[in-house]
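The structure appears right after this line, and notes come after that.
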There are 2 protein chains.
Amino acid sequence: MSKDLTVAILGATGAVGTRLIQQLADSTIPVGQIKLLASSRSAGETRQFRGQDVVVEEATNDSFDGVDLVLASAGGGVSKKFLPEAVKRGAVCVDNTSAFRMDPEVPLVVPEVNEQALYQHKGIIANPNCSTIQMVVALEPIRAAYGLNRVIVSTYQAASGAGQSAWNELDREAQEHLDGQEMHAEILPTKGDKKHYPLAFNLLPQIDVFEDDGYTHEEWKMIHETKKIMLGDMDAPDIKVTATCVRVPVAVGHGESVYFEVADDSATTPELQQKLADAPGVTLQDDPDHQIYPQPILAEGSRETFVGRVRPDQENKGAFNMWVVSDNLLKGAAWNTVQIAERLVADDLVRVP
Amino acid sequence: MSKDLTVAILGATGAVGTRLIQQLADSTIPVGQIKLLASSRSAGETRQFRGQDVVVEEATNDSFDGVDLVLASAGGGVSKKFLPEAVKRGAVCVDNTSAFRMDPEVPLVVPEVNEQALYQHKGIIANPNCSTIQMVVALEPIRAAYGLNRVIVSTYQAASGAGQSAWNELDREAQEHLDGQEMHAEILPTKGDKKHYPLAFNLLPQIDVFEDDGYTHEEWKMIHETKKIMLGDMDAPDIKVTATCVRVPVAVGHGESVYFEVADDSATTPELQQKLADAPGVTLQDDPDHQIYPQPILAEGSRETFVGRVRPDQENKGAFNMWVVSDNLLKGAAWNTVQIAERLVADDLVRVP
């Protein structure tokens, strides 16, 4: 693949879009031409790509004429509207929204786990939810070596996972609180719901809306996306997964307390640590004697998934706890999207079959 | 018991001490005289008790002459030094430090769970760790009705659990961050360790120091205190417990994601919710349709333990998730201490046997 590609970024001005531009610029993808697309509200703004000014255009169906590759992060509704049109025009789309993730025809890909699923694509590839990605990157080397029966995860998710406006809201609320004023919430826990609560100096055990069964949609995503990525089937019973998702007053970087049971219960903590240290995309930060463990402020800006606090459940053989942190805007969003695109280029898959 | 008591508060000027004074003032305990004790550094300061000014005195052995009841929260070393002397002088001591919690001769009490253990006291009663108390208050009505095999908890603990100075540090760091300055950490994750990291807009998966097995002492406490309170033995195998403890940038109010397996797996979510709603010390806040769930900023100032997000693990029968929040300075510390003292008075146990 030496052909230069025309790449469009749909949703180029958001928290993730900004990082898509930067991750694409830093990637191995041969970009011949770049198009930055957004809503009419952002059209006319300018962004830099590899040192050149690029004017943001309003996205229309015709925007995708001549485009080889689309990286989309403008919301599920926007992806549903435009990506099938882009595919019709011959573009391969990597979509960082939930619009197509559970479509059995659409591969849901974390390259460290299931790059081979890319070969099945029919024009659209889905990027998983941020909290799912970092968890499966950490679990995959363990699953590959020892099998995996069960996962129980509690998340500590940053405000930026709900977008730039939620991040801004956290900062504003924090200043209000420090000034002794009442905090005013307008966005979190989620734009799409009725009530809004402050996140600064608080915890919100709601991410996305509630399903009828009492789980939030974010928790549902972690359960079913994990199965689809690791097992190829969103309802596969082989790995049992349950999740509690909590928004915490952190700007960037999700934390996850992950409890898991392996199939081969002869596995030891040093062996697990070695598998993690050797795994692609994982940086092991696990040295309690020197107080080394993953932290959001240390992970911000990195493409890696950081893992530490690996230790056995002392009363259940084959069960372990670990602590996983990653930049939710990079590996959880922009980097995984660009990484998928890099793999598409390397595997000669930038064409609609 | 109608005799008025002489009550001493040891450590009267800290975050918990301030609340001990207030909780005692609001209690049913017949206080005839109050003594506020602290280190020489705070001696001479004045605090109000039931509308009267009380001068803080430096604690010495002689401070406890004529004292009936001591409420202690000045650190483990201070309790170890003074409480045996106070007991010699005839005072019954309720200790909110870790000094005596694992002493098999010392009852470790959460009144909603094991008030009867007070009858075994030999002068000192220990108040459990904050994160343990709110968890066992929520688990006890479930254990009593359905039995309890296993608990997997991830905590979201507030800065004030590490004292007023840690709380102040969080506020200072948050302002530094909002001002675009570097954050400076001097206390957290724990005063007693070498390295210090910022908590504001961050997560610290270390509370207290590390044990040789990779668990922190806070996690060790949650495991062994839970067993001692619920089963009477810090190593009882009947309930298997594992814990991951994380400090979060919240001022007051610990959150806990609690996963548990009951023995009687016919238990349903509505039954569990009813048991929780009927339980002493528990307020059920569990109405996803109306976005009602426990939050630290709603729990601050209350003596209650708030429980919500109760829902079944859909792939493991008899297993459930729930979300538990309480004011770590009240039920987690000052209120549980005063509540123990109230029960000692009601049960006619304010005497050294």
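Labels for the structure tokens follow display order: chains A, B, ..., residues from 1 in each chain, ligands from 1.
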Counting only C-alpha atoms, which residues from chain A have an atom at most 6 Å from any atom of chain B, and could you show them as a PyMOL selection string? chain A and resi 201-203+249-251+295-297
Let me see the file: selected residues, N, CA and C atoms, as a PDB file, in the first residue's frame.
ATOM      1  N   PHE A 201     -16.325  16.934  43.050  1.00  0.00           N
ATOM      2  CA  PHE A 201     -16.317  16.475  44.448  1.00  0.00           C
ATOM      3  C   PHE A 201     -17.471  15.516  44.730  1.00  0.00           C
ATOM      4  N   ASN A 202     -17.929  14.811  43.699  1.00  0.00           N
ATOM      5  CA  ASN A 202     -19.076  13.911  43.830  1.00  0.00           C
ATOM      6  C   ASN A 202     -18.815  12.650  43.001  1.00  0.00           C
ATOM      7  N   LEU A 203     -19.718  11.677  43.095  1.00  0.00           N
ATOM      8  CA  LEU A 203     -19.663  10.449  42.306  1.00  0.00           C
ATOM      9  C   LEU A 203     -21.041  10.218  41.714  1.00  0.00           C
ATOM     10  N   PRO A 249     -14.918  12.625  39.410  1.00  0.00           N
ATOM     11  CA  PRO A 249     -14.453  13.979  39.056  1.00  0.00           C
ATOM     12  C   PRO A 249     -13.001  14.030  38.601  1.00  0.00           C
ATOM     13  N   VAL A 250     -12.744  13.340  37.508  1.00  0.00           N
ATOM     14  CA  VAL A 250     -11.433  13.310  36.852  1.00  0.00           C
ATOM     15  C   VAL A 250     -11.653  13.865  35.455  1.00  0.00           C
ATOM     16  N   ALA A 251     -10.693  14.606  34.918  1.00  0.00           N
ATOM     17  CA  ALA A 251     -10.856  15.186  33.585  1.00  0.00           C
ATOM     18  C   ALA A 251     -10.632  14.135  32.502  1.00  0.00           C
ATOM     19  N   GLN A 295      -2.204   5.761  37.352  1.00  0.00           N
ATOM     20  CA  GLN A 295      -2.983   6.929  37.781  1.00  0.00           C
ATOM     21  C   GLN A 295      -3.406   7.705  36.523  1.00  0.00           C
ATOM     22  N   PRO A 296      -4.620   8.246  36.508  1.00  0.00           N
ATOM     23  CA  PRO A 296      -5.068   9.017  35.338  1.00  0.00           C
ATOM     24  C   PRO A 296      -4.122  10.142  34.944  1.00  0.00           C
ATOM     25  N   ILE A 297      -3.613  10.926  35.913  1.00  0.00           N
ATOM     26  CA  ILE A 297      -2.787  12.069  35.506  1.00  0.00           C
ATOM     27  C   ILE A 297      -1.452  11.624  34.909  1.00  0.00           C
TER      28      ILE A 297
END
Step one, run DSSP on the backbone; step two, keep only residues of stretch 8-130 of chain A assigned to strand (DSSP E); then write them as number ranges by chain. A: 8-10, 31-38, 46-49, 52-55, 57-58, 69-72, 92-95, 124-126
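Among the candidates B:Val54, B:Ile125, B:Leu10, B:Met102, the residue lying nearest to B:Ser39 is B:Leu10 (atoms considered: only C-alpha atoms).
For B:Gly161, the list of residues within 10 Å, based on only C-alpha atoms and with local chain neighbours fewer than 6 positions off taken out, reads Ala15, Val16, Asn129, Cys130, Ser131, Trp167, Ile207, Arg247, Ala251, Val252, Gly253, His254, Asp327, Asn328, Leu329, Gly332 and Ala333 of chain B.
With distances restricted to only C-alpha atoms, A:Val31 is the closest residue to A:Val70 from A:Leu108, A:Ile133, A:Val31, A:Val151.
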Check the smallest atom-to-atom distance from each of B:Thr190, B:Ser266, B:Ser27, B:Gln285 to B:Gly147 using only C-alpha atoms, then report the winner. B:Ser266
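Proximity to A:Met234 was assessed for A:Glu182, A:Ser98, A:Val78, A:Pro104 counting only C-alpha atoms; the smallest distance is recorded for A:Pro104.
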Between atom CA of A:Gly76 and atom CA of A:Ala166 - distance in Å to one decimal: 17.5 Å
For B:Asp238, find every residue with an atom within 9 Å (counting only C-alpha atoms), except residues of its own chain fewer than 6 positions away, and show them as JSON, numbers by chain. {"B": [148, 149, 150, 227, 231]}
Among the residues A:Gln48, A:Thr97, A:Thr226, A:Ser302, the one that comes closest to A:Leu330 [using only C-alpha atoms]: A:Ser302
Secondary structure check, helix (DSSP H, G or I) residues of stretch 9-132 of chain A, as an MDAnalysis selection string: chainID A and resid 15:25 61:64 76:88 111:120 130:132
